[in-house]
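S.K.: The file below is work.cif, mmCIF, C-alpha atoms:
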```cif
data_protein
#
loop_
_atom_site.label_atom_id
_atom_site.label_comp_id
_atom_site.auth_asym_id
_atom_site.auth_seq_id
_atom_site.Cartn_x
_atom_site.Cartn_y
_atom_site.Cartn_z
CA MET A 1299 -36.06 0.53 -17.55
CA ALA A 1300 -34.00 -1.21 -14.86
CA GLU A 1301 -30.26 -1.08 -15.27
CA SER A 1302 -28.71 -4.44 -16.19
CA ALA A 1303 -25.85 -5.92 -14.17
CA ARG A 1304 -23.48 -5.26 -17.07
CA GLN A 1305 -24.57 -1.63 -17.28
CA LEU A 1306 -24.23 -1.25 -13.52
CA GLY A 1307 -20.78 -2.84 -13.60
CA GLN A 1308 -19.65 -0.57 -16.42
CA ARG A 1309 -21.04 2.47 -14.66
CA LEU A 1310 -19.20 1.53 -11.45
CA CYS A 1311 -15.98 1.11 -13.42
CA GLY A 1312 -16.49 4.52 -15.00
CA GLN A 1313 -17.10 6.16 -11.63
CA ILE A 1314 -14.03 4.52 -10.11
CA GLN A 1315 -11.91 5.50 -13.08
CA LYS A 1316 -13.08 9.09 -12.80
CA LYS A 1317 -11.70 9.28 -9.28
CA GLY A 1318 -8.23 8.93 -10.75
CA LYS A 1319 -5.56 9.10 -8.07
CA ASP A 1320 -8.18 9.36 -5.32
CA ARG A 1321 -9.66 5.94 -5.94
CA GLY A 1322 -9.02 3.14 -3.48
CA LEU A 1323 -6.06 0.92 -4.23
CA LEU A 1324 -5.59 -2.77 -3.63
CA ILE A 1325 -2.12 -3.60 -2.37
CA ALA A 1326 -1.19 -7.24 -1.91
CA PHE A 1327 1.57 -8.57 0.32
CA GLU A 1328 2.69 -11.96 -0.93
CA GLY A 1329 5.40 -14.40 -0.02
CA PRO A 1330 6.07 -17.68 1.73
CA ASP A 1331 5.53 -18.24 5.45
CA GLY A 1332 8.33 -16.72 7.46
CA SER A 1333 9.04 -14.00 4.91
CA GLY A 1334 7.99 -11.25 7.29
CA LYS A 1335 5.14 -9.94 5.16
CA THR A 1336 2.70 -9.63 8.05
CA THR A 1337 5.15 -7.42 9.93
CA GLN A 1338 5.58 -5.27 6.84
CA ARG A 1339 1.87 -5.19 6.16
CA LYS A 1340 1.23 -3.86 9.69
CA LEU A 1341 3.94 -1.20 9.37
CA PHE A 1342 2.63 -0.19 5.96
CA LYS A 1343 -0.93 0.03 7.17
CA GLU A 1344 0.07 2.24 10.08
CA TRP A 1345 1.93 4.51 7.71
CA LEU A 1346 -1.05 4.71 5.33
CA VAL A 1347 -3.36 5.59 8.20
CA GLY A 1348 -0.87 8.27 9.24
CA GLU A 1349 -1.05 9.62 5.70
CA GLY A 1350 -4.82 10.01 6.13
CA CYS A 1351 -5.96 6.96 4.19
CA ASP A 1352 -9.00 4.93 5.11
CA VAL A 1353 -7.49 1.44 5.21
CA VAL A 1354 -9.12 -1.99 5.24
CA THR A 1355 -7.05 -5.12 5.85
CA THR A 1356 -8.01 -8.52 4.52
CA LYS A 1357 -6.25 -11.72 5.49
CA TRP A 1358 -6.01 -15.07 3.77
CA SER A 1359 -8.67 -17.63 4.62
CA SER A 1360 -10.48 -15.31 6.99
CA SER A 1361 -14.11 -15.09 5.87
CA ARG A 1362 -16.59 -15.63 8.65
CA LEU A 1363 -18.59 -17.94 6.41
CA ILE A 1364 -15.95 -20.28 4.97
CA LYS A 1365 -13.06 -20.10 7.46
CA PRO A 1366 -14.69 -22.36 10.08
CA ILE A 1367 -15.33 -24.98 7.40
CA ILE A 1368 -11.72 -24.93 6.21
CA LYS A 1369 -10.37 -24.92 9.74
CA ALA A 1370 -12.39 -27.94 10.80
CA ARG A 1371 -11.18 -29.92 7.80
CA LYS A 1372 -7.57 -28.89 8.28
CA ASN A 1373 -7.76 -30.00 11.90
CA MET A 1374 -9.07 -33.38 10.78
CA ARG A 1375 -6.45 -33.52 7.97
CA SER A 1376 -9.28 -34.61 5.73
CA ILE A 1377 -8.86 -32.55 2.56
CA ASN A 1378 -6.92 -33.37 -0.57
CA PRO A 1379 -5.30 -30.76 -2.86
CA GLU A 1380 -8.43 -30.24 -4.99
CA GLU A 1381 -10.68 -29.73 -1.97
CA PHE A 1382 -8.04 -27.50 -0.40
CA CYS A 1383 -8.03 -25.42 -3.57
CA LEU A 1384 -11.81 -25.23 -4.00
CA LEU A 1385 -12.49 -24.31 -0.37
CA HIS A 1386 -9.85 -21.58 -0.41
CA ALA A 1387 -11.24 -20.34 -3.73
CA ALA A 1388 -14.66 -20.13 -2.07
CA ASP A 1389 -13.20 -18.18 0.85
CA PHE A 1390 -11.31 -15.86 -1.49
CA ARG A 1391 -14.33 -15.21 -3.72
CA HIS A 1392 -16.53 -14.55 -0.71
CA ARG A 1393 -14.08 -11.99 0.72
CA LEU A 1394 -13.55 -10.42 -2.69
CA GLU A 1395 -17.27 -9.94 -3.18
CA ASN A 1396 -18.16 -8.90 0.35
CA GLU A 1397 -15.10 -7.08 1.67
CA ILE A 1398 -12.57 -6.14 -0.98
CA VAL A 1399 -14.59 -4.86 -3.93
CA PRO A 1400 -17.13 -2.93 -1.80
CA ALA A 1401 -14.26 -1.26 0.10
CA LEU A 1402 -12.49 -0.30 -3.12
CA ILE A 1403 -15.66 1.04 -4.66
CA ASN A 1404 -16.14 3.19 -1.60
CA GLY A 1405 -12.66 4.64 -2.09
CA LYS A 1406 -10.89 2.75 0.68
CA MET A 1407 -7.36 1.47 0.53
CA VAL A 1408 -7.30 -2.33 0.81
CA VAL A 1409 -4.18 -4.05 2.11
CA ALA A 1410 -4.29 -7.79 1.50
CA ASP A 1411 -2.14 -10.07 3.63
CA ARG A 1412 -1.91 -12.67 0.86
CA PHE A 1413 -4.03 -12.54 -2.27
CA LEU A 1414 -4.86 -15.03 -5.01
CA PHE A 1415 -1.17 -15.61 -5.76
CA THR A 1416 -0.93 -17.47 -2.46
CA ALA A 1417 -3.43 -19.96 -3.83
CA LEU A 1418 -1.65 -20.20 -7.16
CA ALA A 1419 1.73 -20.85 -5.50
CA ARG A 1420 0.51 -23.30 -2.87
CA ASP A 1421 -1.88 -25.22 -5.09
CA ALA A 1422 0.65 -25.47 -7.90
CA ALA A 1423 3.18 -26.71 -5.32
CA ARG A 1424 0.59 -29.36 -4.43
CA GLY A 1425 0.65 -30.53 -8.03
CA LEU A 1426 -2.42 -28.80 -9.45
CA GLU A 1427 -2.13 -27.30 -12.93
CA LEU A 1428 -1.61 -23.54 -13.04
CA ASP A 1429 -3.89 -23.33 -16.07
CA TRP A 1430 -6.76 -24.87 -14.08
CA LEU A 1431 -6.08 -22.61 -11.11
CA LEU A 1432 -6.20 -19.50 -13.27
CA HIS A 1433 -9.58 -20.61 -14.61
CA ILE A 1434 -10.89 -21.35 -11.14
CA TYR A 1435 -9.96 -17.88 -9.92
CA SER A 1436 -11.33 -16.09 -12.96
CA PRO A 1437 -12.50 -13.46 -13.48
CA LEU A 1438 -9.19 -12.47 -12.00
CA TYR A 1439 -9.09 -9.35 -9.89
CA TRP A 1440 -5.73 -7.70 -10.14
CA PRO A 1441 -4.19 -5.77 -7.29
CA ASP A 1442 -2.71 -2.38 -8.11
CA ILE A 1443 0.56 -3.41 -6.52
CA VAL A 1444 1.92 -6.77 -5.39
CA PHE A 1445 4.84 -6.69 -2.97
CA TYR A 1446 6.57 -10.05 -3.02
CA PHE A 1447 8.71 -10.86 0.00
CA SER A 1448 11.48 -13.04 -1.28
CA VAL A 1449 13.36 -15.36 1.06
CA SER A 1450 15.28 -18.57 0.65
CA PRO A 1451 13.68 -21.84 1.78
CA GLU A 1452 16.37 -22.04 4.48
CA THR A 1453 15.50 -18.64 5.95
CA SER A 1454 11.77 -19.38 5.82
CA GLY A 1455 12.36 -22.72 7.54
CA LYS A 1456 14.60 -21.22 10.22
CA ARG A 1457 12.17 -18.41 11.02
CA ILE A 1458 9.23 -20.79 11.32
CA ALA A 1459 11.18 -23.34 13.36
CA ALA A 1460 12.26 -20.61 15.77
CA THR A 1461 8.68 -19.97 16.82
CA ARG A 1462 6.62 -23.12 16.30
CA THR A 1463 6.18 -26.49 14.65
CA PRO A 1464 4.72 -26.09 11.17
CA LYS A 1465 1.12 -27.28 10.90
CA TYR A 1466 0.22 -30.28 8.75
CA TYR A 1467 -0.93 -28.43 5.63
CA GLU A 1468 1.51 -25.57 6.13
CA ALA A 1469 4.29 -28.16 6.05
CA GLY A 1470 2.74 -29.76 2.97
CA GLN A 1471 2.63 -33.12 4.73
CA ASP A 1472 -0.51 -33.94 2.76
CA VAL A 1473 1.61 -34.11 -0.40
CA THR A 1474 5.14 -34.88 0.77
CA ASN A 1475 4.07 -37.84 2.96
CA ILE A 1476 6.99 -36.97 5.25
CA THR A 1477 6.29 -37.56 8.93
CA ASP A 1478 8.68 -34.94 10.29
CA PRO A 1479 6.90 -31.58 9.90
CA PHE A 1480 10.20 -29.63 9.78
CA GLU A 1481 11.64 -31.78 7.01
CA SER A 1482 8.36 -31.75 5.13
CA TYR A 1483 8.18 -27.97 5.47
CA ARG A 1484 11.72 -27.61 4.15
CA GLN A 1485 10.87 -29.57 1.04
CA PHE A 1486 7.42 -28.11 0.51
CA ILE A 1487 8.38 -24.48 0.99
CA GLY A 1488 11.07 -24.94 -1.66
CA ARG A 1489 8.33 -25.88 -4.14
CA VAL A 1490 6.13 -22.97 -3.01
CA ILE A 1491 8.99 -20.51 -3.43
CA ARG A 1492 9.76 -21.83 -6.91
CA GLU A 1493 6.12 -21.21 -7.87
CA TYR A 1494 6.18 -17.75 -6.31
CA ASP A 1495 9.38 -16.86 -8.16
CA ALA A 1496 7.76 -17.87 -11.45
CA LEU A 1497 4.60 -15.91 -10.65
CA ALA A 1498 6.70 -12.87 -9.71
CA VAL A 1499 8.09 -12.79 -13.24
CA ILE A 1500 4.80 -13.52 -15.02
CA PHE A 1501 2.73 -11.02 -13.04
CA LYS A 1502 5.40 -8.38 -12.49
CA PHE A 1503 5.46 -8.36 -8.70
CA ILE A 1504 7.64 -5.83 -6.91
CA THR A 1505 10.19 -8.04 -5.21
CA ILE A 1506 11.42 -7.08 -1.76
CA ASP A 1507 14.50 -8.68 -0.27
CA ALA A 1508 12.86 -10.09 2.84
CA GLU A 1509 16.24 -10.90 4.37
CA ALA A 1510 17.09 -7.18 4.60
CA PRO A 1511 16.57 -5.29 7.89
CA ILE A 1512 12.89 -4.75 8.74
CA TYR A 1513 12.93 -0.96 8.72
CA ASP A 1514 14.91 -0.81 5.46
CA GLN A 1515 12.24 -2.97 3.85
CA HIS A 1516 9.52 -0.69 5.19
CA LEU A 1517 11.16 2.45 3.81
CA LEU A 1518 11.62 0.77 0.45
CA ILE A 1519 7.96 -0.28 0.36
CA ARG A 1520 6.84 3.29 1.06
CA LYS A 1521 9.08 4.60 -1.71
CA LEU A 1522 8.00 1.96 -4.22
CA PHE A 1523 4.36 2.51 -3.33
CA GLN A 1524 4.65 6.25 -3.94
CA GLU A 1525 6.33 5.64 -7.27
CA SER A 1526 3.88 3.10 -8.58
CA ARG A 1527 0.37 4.35 -7.97
CA GLU A 1528 -0.69 4.54 -11.59
CA ARG A 1529 -2.04 1.25 -12.90
CA PRO A 1530 -4.23 0.48 -15.92
CA TRP A 1531 -6.97 -0.57 -13.56
CA MET A 1532 -9.92 -0.38 -15.95
CA ASP A 1533 -8.35 -2.67 -18.54
CA TRP A 1534 -7.56 -5.29 -15.94
CA ASN A 1535 -10.56 -5.34 -13.67
CA GLU A 1536 -13.61 -4.38 -15.68
CA GLU A 1537 -14.66 -7.99 -16.20
CA ALA A 1538 -14.34 -8.75 -12.48
CA ILE A 1539 -16.41 -5.70 -11.50
CA ILE A 1540 -19.14 -6.59 -13.99
CA ASP A 1541 -19.16 -10.13 -12.65
CA TRP A 1542 -19.45 -8.77 -9.13
CA ALA A 1543 -22.36 -6.54 -10.11
CA ASN A 1544 -24.03 -9.53 -11.73
CA MET A 1545 -23.55 -11.84 -8.76
CA LEU A 1546 -24.56 -9.80 -5.80
CA PRO A 1547 -27.56 -7.90 -4.69
CA ARG A 1548 -24.92 -6.38 -2.41
CA SER A 1549 -23.55 -4.35 -5.31
CA ARG A 1550 -26.73 -2.31 -5.20
CA GLU A 1551 -26.32 -1.72 -1.49
CA VAL A 1552 -22.86 -0.20 -1.36
CA GLY A 1553 -24.08 3.24 -2.28
CA ILE A 1554 -22.10 3.96 -5.39
CA GLY A 1555 -24.49 2.31 -7.80
CA SER A 1556 -27.31 4.80 -7.24
CA MET B 1168 -6.83 -33.33 -12.78
CA VAL B 1169 -7.66 -35.87 -15.48
CA PRO B 1170 -10.66 -37.95 -14.34
CA ASN B 1171 -9.76 -41.51 -13.47
CA ALA B 1172 -10.85 -43.63 -16.39
CA ALA B 1173 -9.32 -46.88 -15.16
CA ALA B 1174 -12.23 -47.77 -12.90
CA SER B 1175 -14.22 -50.81 -13.98
CA GLY B 1176 -17.60 -49.95 -12.44
CA GLN B 1177 -20.40 -47.90 -13.85
CA LEU B 1178 -21.24 -44.32 -12.89
CA LEU B 1179 -24.83 -43.14 -13.21
CA SER B 1180 -25.78 -39.57 -12.49
CA LEU B 1181 -29.15 -38.59 -11.14
CA ASP B 1182 -30.28 -35.02 -10.59
CA VAL B 1183 -33.34 -34.33 -8.49
CA ILE B 1184 -35.37 -31.22 -7.73
CA ASP B 1185 -36.53 -32.22 -4.25
CA GLY B 1186 -33.63 -33.41 -2.11
CA SER B 1187 -35.94 -35.84 -0.31
CA ASP B 1188 -36.33 -37.76 -3.58
CA SER B 1189 -32.60 -38.54 -3.78
CA ILE B 1190 -32.36 -41.89 -2.05
CA PRO B 1191 -35.74 -43.36 -3.16
CA ALA B 1192 -35.02 -42.36 -6.76
CA ALA B 1193 -31.47 -43.74 -6.64
CA LYS B 1194 -32.77 -47.04 -5.24
CA LYS B 1195 -35.38 -47.18 -8.01
CA LEU B 1196 -32.67 -46.61 -10.61
CA LEU B 1197 -30.52 -49.37 -9.16
CA LYS B 1198 -33.34 -51.91 -8.96
CA SER B 1199 -32.79 -53.18 -12.48
CA ARG B 1200 -29.00 -53.42 -12.09
CA THR B 1201 -27.22 -56.61 -11.28
CA GLY B 1202 -24.10 -56.93 -9.17
CA GLN B 1203 -22.96 -54.67 -6.38
CA THR B 1204 -24.27 -51.13 -6.27
CA GLY B 1205 -23.77 -47.94 -4.30
CA ILE B 1206 -25.23 -44.49 -3.79
CA SER B 1207 -23.35 -41.24 -3.26
CA ASN B 1208 -25.53 -38.49 -1.90
CA TRP B 1209 -25.14 -34.70 -1.64
CA ASP B 1210 -23.16 -33.16 1.21
CA ALA B 1211 -21.31 -36.29 2.25
CA SER B 1212 -18.58 -33.89 3.38
CA SER B 1213 -21.15 -31.98 5.50
CA ILE B 1214 -19.94 -28.60 4.24
CA PHE B 1215 -23.49 -27.34 3.71
CA PHE B 1216 -24.79 -28.79 6.95
CA GLU B 1217 -22.04 -27.02 8.87
CA MET B 1218 -22.53 -23.77 6.98
CA HIS B 1219 -26.25 -23.86 7.69
CA GLY B 1220 -25.42 -24.09 11.40
CA LEU B 1221 -23.12 -21.05 11.42
CA ASP B 1222 -24.40 -17.95 13.09
CA VAL B 1223 -23.27 -15.68 10.25
CA ASP B 1224 -25.56 -13.30 8.41
CA GLU B 1225 -23.44 -13.25 5.21
CA ARG B 1226 -24.67 -15.22 2.23
CA PRO B 1227 -22.52 -16.93 -0.36
CA SER B 1228 -22.92 -15.83 -3.98
CA PRO B 1229 -23.73 -18.39 -6.70
CA ARG B 1230 -20.06 -18.53 -7.67
CA THR B 1231 -19.09 -19.32 -4.08
CA LEU B 1232 -21.87 -21.92 -3.91
CA VAL B 1233 -20.49 -23.59 -7.04
CA PHE B 1234 -17.06 -23.82 -5.39
CA LEU B 1235 -18.55 -25.38 -2.28
CA TYR B 1236 -20.63 -27.79 -4.34
CA ALA B 1237 -17.50 -28.75 -6.28
CA ALA B 1238 -15.54 -29.26 -3.04
CA ASP B 1239 -18.26 -31.60 -1.78
CA MET B 1240 -18.27 -33.35 -5.16
CA SER B 1241 -14.50 -33.83 -4.98
CA PHE B 1242 -14.90 -35.31 -1.50
CA ARG B 1243 -17.63 -37.69 -2.71
CA LEU B 1244 -15.51 -38.77 -5.66
CA ARG B 1245 -12.53 -39.47 -3.45
CA TRP B 1246 -14.27 -41.31 -0.64
CA GLU B 1247 -17.39 -42.81 -2.20
CA ILE B 1248 -17.60 -42.81 -5.97
CA MET B 1249 -14.10 -43.70 -7.18
CA PRO B 1250 -13.49 -46.46 -4.60
CA ALA B 1251 -16.83 -48.06 -5.51
CA LEU B 1252 -16.10 -47.80 -9.23
CA GLN B 1253 -12.71 -49.37 -8.67
CA GLU B 1254 -14.44 -52.28 -6.96
CA GLY B 1255 -16.56 -52.68 -10.07
CA LYS B 1256 -19.78 -51.40 -8.50
CA CYS B 1257 -22.57 -49.53 -10.22
CA VAL B 1258 -22.76 -46.17 -8.44
CA VAL B 1259 -25.51 -43.57 -8.56
CA ALA B 1260 -24.25 -40.06 -7.85
CA VAL B 1261 -27.27 -38.13 -6.70
CA PRO B 1262 -26.94 -35.26 -7.45
CA TYR B 1263 -24.00 -34.97 -9.83
CA ILE B 1264 -22.29 -32.23 -11.79
CA GLU B 1265 -25.34 -31.18 -13.82
CA THR B 1266 -26.88 -29.71 -10.67
CA GLY B 1267 -23.79 -27.51 -10.30
CA PHE B 1268 -24.03 -26.54 -13.98
CA ALA B 1269 -27.72 -25.78 -13.48
CA LEU B 1270 -27.03 -23.35 -10.64
CA GLY B 1271 -24.34 -21.69 -12.76
CA ALA B 1272 -26.68 -21.37 -15.73
CA ILE B 1273 -29.47 -19.94 -13.57
CA ALA B 1274 -27.04 -17.40 -12.08
CA GLY B 1275 -25.57 -16.46 -15.48
CA LEU B 1276 -22.10 -17.91 -14.85
CA PRO B 1277 -20.09 -18.73 -17.97
CA ARG B 1278 -20.38 -22.35 -19.15
CA LYS B 1279 -16.64 -22.43 -19.82
CA TRP B 1280 -15.87 -21.49 -16.21
CA LEU B 1281 -18.24 -24.16 -14.89
CA SER B 1282 -16.64 -26.79 -17.14
CA GLU B 1283 -13.24 -25.88 -15.71
CA VAL B 1284 -14.43 -26.03 -12.11
CA PHE B 1285 -15.80 -29.54 -12.62
CA ARG B 1286 -12.92 -30.72 -14.81
CA PHE B 1287 -11.85 -33.18 -12.12
CA ALA B 1288 -15.15 -35.10 -12.26
CA PRO B 1289 -15.46 -38.07 -14.62
CA LYS B 1290 -18.38 -38.16 -17.00
CA ALA B 1291 -21.28 -40.40 -16.03
CA GLN B 1292 -22.04 -43.26 -18.41
CA GLU B 1293 -25.76 -42.65 -18.03
CA THR B 1294 -27.52 -39.46 -16.97
CA TYR B 1295 -30.96 -39.29 -15.37
CA ARG B 1296 -33.24 -36.77 -13.77
CA VAL B 1297 -36.35 -37.15 -11.71
CA ASN B 1298 -39.18 -35.65 -13.69
CA GLY B 1299 -42.37 -34.24 -12.29
CA PRO B 1300 -43.42 -31.15 -10.41
CA PRO B 1301 -41.63 -30.19 -7.20
CA SER B 1302 -43.47 -30.84 -3.97
CA ALA B 1303 -45.84 -28.12 -2.82
CA ARG B 1304 -43.63 -26.98 0.01
CA ILE B 1305 -39.90 -26.47 -0.12
CA ALA B 1306 -38.07 -28.53 2.49
CA SER B 1307 -35.38 -27.32 4.88
CA PRO B 1308 -32.03 -26.13 3.44
CA THR B 1309 -30.22 -29.25 4.60
CA THR B 1310 -32.48 -31.54 2.55
CA GLY B 1311 -30.74 -30.92 -0.74
CA PHE B 1312 -28.55 -28.52 -2.68
CA ILE B 1313 -31.45 -26.84 -4.46
CA GLU B 1314 -33.23 -26.25 -1.16
CA PHE B 1315 -29.97 -24.85 0.25
CA CYS B 1316 -29.50 -22.50 -2.72
CA SER B 1317 -33.15 -21.44 -2.54
CA SER B 1318 -32.73 -20.56 1.10
CA VAL B 1319 -29.49 -18.63 0.54
CA MET B 1320 -30.81 -16.75 -2.48
CA GLY B 1321 -34.19 -16.03 -0.92
CA GLN B 1322 -36.33 -17.56 -3.67
CA ASP B 1323 -37.69 -20.97 -4.62
CA LEU B 1324 -35.26 -21.99 -7.34
CA ARG B 1325 -36.84 -25.40 -7.98
CA PRO B 1326 -38.83 -24.29 -11.06
CA LYS B 1327 -35.65 -22.85 -12.61
CA PHE B 1328 -33.70 -26.04 -11.97
CA ALA B 1329 -36.61 -28.09 -13.35
CA SER B 1330 -36.65 -25.97 -16.47
CA TYR B 1331 -32.88 -26.48 -16.90
CA PHE B 1332 -33.29 -30.26 -16.65
CA ASP B 1333 -36.30 -30.16 -19.03
CA ASP B 1334 -34.06 -28.49 -21.55
CA LEU B 1335 -31.31 -31.08 -21.03
CA GLU B 1336 -33.82 -33.85 -21.59
CA ARG B 1337 -35.18 -32.23 -24.75
CA ARG B 1338 -31.63 -32.13 -26.08
CA GLY B 1339 -31.20 -35.82 -25.30
CA ARG B 1340 -28.57 -35.24 -22.62
CA CYS B 1341 -30.50 -36.95 -19.84
CA ARG B 1342 -33.41 -39.29 -19.38
CA SER B 1343 -36.38 -39.11 -17.08
CA LEU B 1344 -36.62 -41.64 -14.35
#
```
When written as structure tokens, how does the structure in this file appear?
M.R.:
Amino acid sequence: MAESARQLGQRLCGQIQKKGKDRGLLIAFEGPDGSGKTTQRKLFKEWLVGEGCDVVTTKWSSSRLIKPIIKARKNMRSINPEEFCLLHAADFRHRLENEIVPALINGKMVVADRFLFTALARDAARGLELDWLLHIYSPLYWPDIVFYFSVSPETSGKRIAATRTPKYYEAGQDVTNITDPFESYRQFIGRVIREYDALAVIFKFITIDAEAPIYDQHLLIRKLFQESRERPWMDWNEEAIIDWANMLPRSREVGIGS
Amino acid sequence: MVPNAAASGQLLSLDVIDGSDSIPAAKKLLKSRTGQTGISNWDASSIFFEMHGLDVDERPSPRTLVFLYAADMSFRLRWEIMPALQEGKCVVAVPYIETGFALGAIAGLPRKWLSEVFRFAPKAQETYRVNGPPSARIASPTTGFIEFCSSVMGQDLRPKFASYFDDLERRGRCRSL
């Protein structure tokens, strides 16, 4: 008799669990714009590769299927907070199903430059209810480790202003109604950081002082990573894996299901 | 997130199997109505049209399709449906949220999750479906959401959607047009 999606999902979970320390890990780099997380993510990835890991990077709003749709609407400034949320949720789900979960199942290390917490922080800062957002993103797929790059709104604003003018949605001009992108950014990023700080407590992020010297941060991340590899993965992600097995013919193509 | 209940117009929902039936069926439904009327059709935001034109071999899963459908629905509510209701018009939303629920049910997505996704959409005062067998040939993916889903999922989903709406009608939750 053919294996049901639930059975396949449970079998995949069992196989991943059996790998123990050798299974692929999902490491998320979170934080506001200008917190330096991309720099740290690149350094961390290089280090992992040097350690012999097979590493996959995934970036926010980057799926080949949904990204062009989001980009076109951002350029036209035509989306409201709900549409912003739903389109990013579509992009996230598509990458989760097609890039992240398959890579993890195949034992790769996945480094995410922003994960679902970016959506929670930004959308909540746009006035959407956190409760609704958590439902939208369910079944939630938990990273093994979340590094949260903490900076003040002033530092974030200064770092962004030093390189460019914040874009319309980045500056939150869709919700602040402030014409000056720098002033809008200053106000909006304060809201985003407040949401991030709350999420950091609720979801037990590892907070990194993103105002510390770059190399000090990198060394700390390595150390914290080495100390915190053991996570109760099965308890947290079984539902998401079963859902994935149920949704995609792809789950039968990644090799581990046979 | 709470649907706007202050509007004075009337919202009618109409779910169709063949996308090409949308406008004729909506016009038929509005024939007996007095006063100003309006129609809000699928993909007013052109998300699906644009996606169809992308040269990408990846396919969205049903959950992703529900998100995209909801995003288009949110757009239609903001630009078409709510403004018309606020002007006191009778508006036919063709299709409406039941088509999104139908895809979710067909794909085995939890009802609770679907209800949350569409929490922003106000309930229609009257709910209709176009009854009758689907046309012999399935139209192009840009004709309607069911055609789009059928194309993406590689099977003609129209009988499954029809069966979902049959069940809704049996339970008295929609009427045949």
S.K.: Env of segment 1236-1249 of chain B: 7 Å cut, atoms = all atoms listed in the file, seq-sep filter 6 positions within chain, self excluded. Answer as a VMD selection string.
M.R.: (chain A and resid 1381 1384 to 1385) or (chain B and resid 1207 1210 to 1212 1214 1258 1267 1285)
S.K.: Counting all atoms listed in the file, find the residues whose atoms lie at most 12 Å from (-20.4, -39.9, -13.8) (file coordinates) and write them out as a PyMOL selection string.
M.R.: chain B and resi 1170-1172+1174+1176-1182+1207+1240+1243-1244+1248-1249+1252+1257-1265+1285-1295
S.K.: Rank nothing, just name the residue among A:Val1409, A:Ile1434, A:Ile1500, A:Ala1422 nearest to chain B, using only C-alpha atoms.
M.R.: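 Answer, going by the shortest atom-to-atom distance: A:Ile1434.
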S.K.: Quick one: residues within 7 Å of segment 1302-1308 of chain B, all atoms listed in the file counted, chain neighbours fewer than 4 positions away excluded, as a ChimeraX atom specification?
M.R.: /B:1314-1315,1318
S.K.: For chain B against chain A, which residues fall within 8 Å using all atoms listed in the file, given as a list in words?
M.R.: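 So the residues of chain B near chain A are Met1168, Ile1214, Glu1217, Met1218, Leu1221, Val1223, Glu1225, Arg1226, Pro1227, Ser1228, Pro1229, Arg1230, Thr1231, Leu1232, Phe1234, Leu1235, Ala1237, Ala1238, Asp1239, Ser1241, Phe1242, Ala1274, Trp1280, Glu1283 and Val1284 of chain B.
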S.K.: List as a short mmCIF file (atom, residue, chain, number, x, y, z; two decimals) with C-alpha atoms, in the coordinates of the input the protein and nucleic acid residues near Ile1273 of chain B, meaning an atom at most 12 Å away when all atoms listed in the file are counted, but skip any in the same chain fewer than 5 places from it.
M.R.:
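Writing the result to out.cif gives the following:
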```cif
data_model
loop_
_atom_site.label_atom_id
_atom_site.label_comp_id
_atom_site.auth_asym_id
_atom_site.auth_seq_id
_atom_site.Cartn_x
_atom_site.Cartn_y
_atom_site.Cartn_z
CA ASN A 1544 -24.03 -9.53 -11.73
CA MET A 1545 -23.55 -11.84 -8.76
CA PRO B 1229 -23.73 -18.39 -6.70
CA ARG B 1230 -20.06 -18.53 -7.67
CA VAL B 1233 -20.49 -23.59 -7.04
CA GLU B 1265 -25.34 -31.18 -13.82
CA THR B 1266 -26.88 -29.71 -10.67
CA GLY B 1267 -23.79 -27.51 -10.30
CA PHE B 1268 -24.03 -26.54 -13.98
CA ARG B 1278 -20.38 -22.35 -19.15
CA ILE B 1313 -31.45 -26.84 -4.46
CA CYS B 1316 -29.50 -22.50 -2.72
CA SER B 1317 -33.15 -21.44 -2.54
CA MET B 1320 -30.81 -16.75 -2.48
CA LEU B 1324 -35.26 -21.99 -7.34
CA ARG B 1325 -36.84 -25.40 -7.98
CA PRO B 1326 -38.83 -24.29 -11.06
CA LYS B 1327 -35.65 -22.85 -12.61
CA PHE B 1328 -33.70 -26.04 -11.97
CA ALA B 1329 -36.61 -28.09 -13.35
CA SER B 1330 -36.65 -25.97 -16.47
CA TYR B 1331 -32.88 -26.48 -16.90
CA PHE B 1332 -33.29 -30.26 -16.65
#
```
S.K.: Measuring between only C-alpha atoms, which one of B:Ser1343, B:Gln1322, B:Ser1213, B:Asn1208 shows the shortest distance to Ser1189 of chain B?
M.R.: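 Result for the nearest residue to Ser1189 of chain B: B:Asn1208.
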S.K.: Using atom CA of Ala1419 of chain A and atom CA of Thr1463 of chain A as the two end points, give the distance in Å to one decimal.
M.R.: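 Taking atom CA of Ala1419 of chain A and atom CA of Thr1463 of chain A, their separation equals 21.4 Å.
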S.K.: Can you tell me, as a ChimeraX atom specification, which residues sit within 7 Å of (-21.0, -53.3, -8.8) in the file's frame, using only C-alpha atoms?
M.R.: /B:1176,1202-1204,1254-1257
S.K.: Would you pick out the contacts of segment 1508-1511 of chain A at 9 Å or less, using only C-alpha atoms, so that residues sharing its chain but fewer than 6 positions from it are not included, and give the list as a list in words?
M.R.: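 What passes the distance filter is Ser1333, Gly1334, Lys1335, Tyr1446, Phe1447, Ser1448, Val1449, Ser1450 and Thr1453 of chain A.
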S.K.: For Gly1312 of chain A, work out the shell of residues within 10 Å, counting all atoms listed in the file and skipping chain neighbours fewer than 5 positions away, then give it as an MDAnalysis selection string.
M.R.: chainID A and resid 1306:1307 1317 1532 1536
S.K.: Select, from A:Pro1330, A:Phe1501, A:Trp1440, A:Tyr1494, the residue with the minimum atom-to-atom distance to Ser1454 of chain A, counting all atoms listed in the file.
M.R.: A:Pro1330
S.K.: Using Å and a single decimal, report how far atom CA of Ile1398 of chain A sits from atom CA of Thr1355 of chain A.
M.R.: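 That distance, rounded to one decimal, is 8.8 Å.
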